[in-house]
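Peer 1: I am attaching a structure below and will ask some questions about it afterwards.
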Protein chains: 2
Amino acid sequence: MNTACWVDGRPEQRLSTLDRGLHYGDGLFETLAVRDGHITMLQRHIERLREGCRRLSIPAPDVELLQVEVQTAAKNCTRAVLKLIVTRGNGGRGYRPPAAPEPMRILLRYPWPEYLDSWRQQGVHLRVCATRLGRNSRLAGLKHLNRLEQVLARMEWQDSDRIQEGLMLDEEGLVIEGTMTNVFVSRTPGTLATPDLQHCGVAGLMRAYILEQAEAAGLDVRVGRLTLAELLDAREIFLCNSLIGVWPVSAIDDRIYEIGPLTRRAQQWTDAAMTGACG
Amino acid sequence: MNTACWVDGRPEQRLSTLDRGLHYGDGLFETLAVRDGHITMLQRHIERLREGCRRLSIPAPDVELLQVEVQTAAKNCTRAVLKLIVTRGNGGRGYRPPAAPEPMRILLRYPWPEYLDSWRQQGVHLRVCATRLGRNSRLAGLKHLNRLEQVLARMEWQDSDRIQEGLMLDEEGLVIEGTMTNVFVSRTPGTLATPDLQHCGVAGLMRAYILEQAEAAGLDVRVGRLTLAELLDAREIFLCNSLIGVWPVSAIDDRIYEIGPLTRRAQQWTDAAMTGACG
């Protein structure tokens, strides 16, 4: 399957060179998992996109329009990834947006990535990236198009067979997330923690879903500061996003980790979400 | 004059929706002033672009190719702005760049902006923006395409007749730059200071040129930390970039500033650069 693309709902492989997404990264994106024509957590993706638009003052695309477009793209797909980009559209020269921006929707359909089943079963190896995340509360949590930090972090290693993901710290040295995942740790039985994203990081939908499930299950859940020492000292560590669900972490650099019961439980929760039991 | 555009040297208004400039802001740009067919500081722009490519590990476009393309675009133009964007090109899904990236060159020619002569003569009004610059030494100084912070800062005011530029502080509250300019202050006669850009900010060519001229003129030049209190307390404040040359600051919010001799001297230096006396 090759990449398919639609711009504002029409099959189209190209975009105006005046688009502010290109010039400034002035926009947002969502990455959606498709399985048997069904899109995982579609409503949540659309809600997050609209919330991002609100925070950046980009007029949000119509909900039903988005639903129809992504569902059409997902139709008859056994397995695929949809990437939906919304930019502030064209806008002259200079940072100031036009008074009445006309946002663009770019929808891309990619083949499902080659994730090995062993990563999910036996865990992945993580490296601690040297590239840090800058702190900016105005942008924190948003899935915006300014992603050079993630690109530079991902360029730090070549051997994808040995290392599957990189851990990113912020400029103060606190643990925030993976380059494409959120991170959870369990430091004592029955407790689960994930970094707060007040200053940087992407507020992932799977992260939110796991937090909800963990609280509903009566676990002691903490969202707050997480130091690298605390993470390295944890009993269980796992990663999540909308495509992978949950990956246990079996090693960070030279340290080895066991895959524990909370990680397997989080996998059960996200499996349910990914097979359609959650809207 | 409408906007003209070339992609990889060919007249073309559109770009692939797979371009990493759109997806991640994975690229750099230069903004060049054209006067009577001549491009101000062309060699310096090309050198900075290539240095930025080196820092981001983007294969740098050939110097002579760039020269020919921008000079062709500038030909017969009395007054125009060229914007040259270089992206890492197309590259699948995910942050990891392709093993052999094929960078794209997007060259746009815009009408000269409507800068009033009074701004240059009698100075401009500055506001202190609430939007802060995140600190990231890997990206500091680069004129990269991750510019959401500048977009949000520029959205803080609407009245462009009254306020011409916004001052940006970093997350620690230090003065860094304007949304589209660098900033200089003179706190005592014969001294000139500008913020260091170790943690954030764009290392402007006019800033570098003014620093060189000021040192050659025997001024006491300091590049370092600048607090907002120190800036507000300065005798002279001015802004610079490749298009405006030097704008004196006559007001910041409710404070009024005199336009002093160092500001006028900096204007003379940049005028010389902009009319072709400097390569």
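Labeling convention for the structure tokens: chains A, B, ... as they appear, residues from 1 per chain, ligands from 1 in order of appearance.
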Check every residue of chain A for an atom within 6 Å of chain B, counting only C-alpha atoms, and provide those that qualify as a list in words.
Peer 2: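 My answer is Gln13, Arg14, Leu15, Ser16, Thr17, Gly21, Leu22, Tyr24, Gly25, Asp26, Tyr95, Arg96, Gly134, Arg135, Asn136, Leu145, Asn146, Arg147, Leu148, Val151 and Arg154 of chain A.
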Peer 1: Work out how far apart CA of Met104 (chain A) and CA of Lys75 (chain A) are and give it in Å to one decimal.
Peer 2: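 According to the coordinates, CA of Met104 (chain A) and CA of Lys75 (chain A) are separated by 22.2 Å.
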Peer 1: Once DSSP has gone over the backbone, tell me which residues of region 33-249 of chain A are in strand (DSSP E or B), as a ChimeraX atom specification.
Peer 2: /A:33-35,38-39,79-87,90,104-111,124-128,133,141,144,165-170,174-178,182-186,191-195,202,220-224,227,236-241,245-249
Peer 1: Figure out the distance between CA of Asp161 (chain A) and CA of Phe184 (chain A), please, to one decimal in Å.
Peer 2: 22.7 Å
Peer 1: Excluding Ile176 (chain A) and any residue of its chain fewer than 2 positions from it, enumerate the residues within 7 Å of it, using only C-alpha atoms, and give them as a list in words.
Peer 2: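 Counting only the stated atoms, we get Met168, Leu169, Asp170, Leu174, Pro195 and Gly201 of chain A.
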Peer 1: Go ahead and write the residues just picked, N, CA and C atoms, as an mmCIF file, in the first residue's frame.
Peer 2:
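Okay, out.cif is ready:
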```
data_model
loop_
_atom_site.group_PDB
_atom_site.id
_atom_site.type_symbol
_atom_site.label_atom_id
_atom_site.label_comp_id
_atom_site.auth_asym_id
_atom_site.auth_seq_id
_atom_site.Cartn_x
_atom_site.Cartn_y
_atom_site.Cartn_z
ATOM 1 N N MET A 168 13.190 11.343 26.393
ATOM 2 C CA MET A 168 13.566 12.755 26.347
ATOM 3 C C MET A 168 13.359 13.428 27.700
ATOM 4 N N LEU A 169 14.367 14.176 28.106
ATOM 5 C CA LEU A 169 14.293 14.979 29.328
ATOM 6 C C LEU A 169 14.069 16.432 28.927
ATOM 7 N N ASP A 170 13.581 17.240 29.870
ATOM 8 C CA ASP A 170 13.465 18.657 29.543
ATOM 9 C C ASP A 170 14.770 19.377 29.896
ATOM 10 N N LEU A 174 14.370 16.834 33.861
ATOM 11 C CA LEU A 174 13.251 15.985 34.278
ATOM 12 C C LEU A 174 12.803 15.100 33.117
ATOM 13 N N PRO A 195 4.961 11.615 33.984
ATOM 14 C CA PRO A 195 5.342 13.028 34.137
ATOM 15 C C PRO A 195 4.176 13.964 33.849
ATOM 16 N N GLY A 201 6.089 18.517 26.270
ATOM 17 C CA GLY A 201 5.585 17.170 26.031
ATOM 18 C C GLY A 201 4.231 17.179 25.341
#
```
Peer 1: Please measure the separation of CA of Val68 (chain B) and CA of Gln213 (chain B), giving the value in Å to one decimal.
Peer 2: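 Rounded to one decimal, the two atoms are 28.9 Å apart.
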Peer 1: Extract the full set of helix (DSSP H, G or I) residues from region 114-167 of chain A according to DSSP on the backbone, and format it as a list in words.
Peer 2: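 After running DSSP on the backbone, region 114-167 of chain A has helix (DSSP H, G or I) at Asp117, Ser118, Trp119, Arg120, Gln121, Gln122, Leu148, Glu149, Gln150, Val151, Leu152, Ala153 and Arg154 of chain A.
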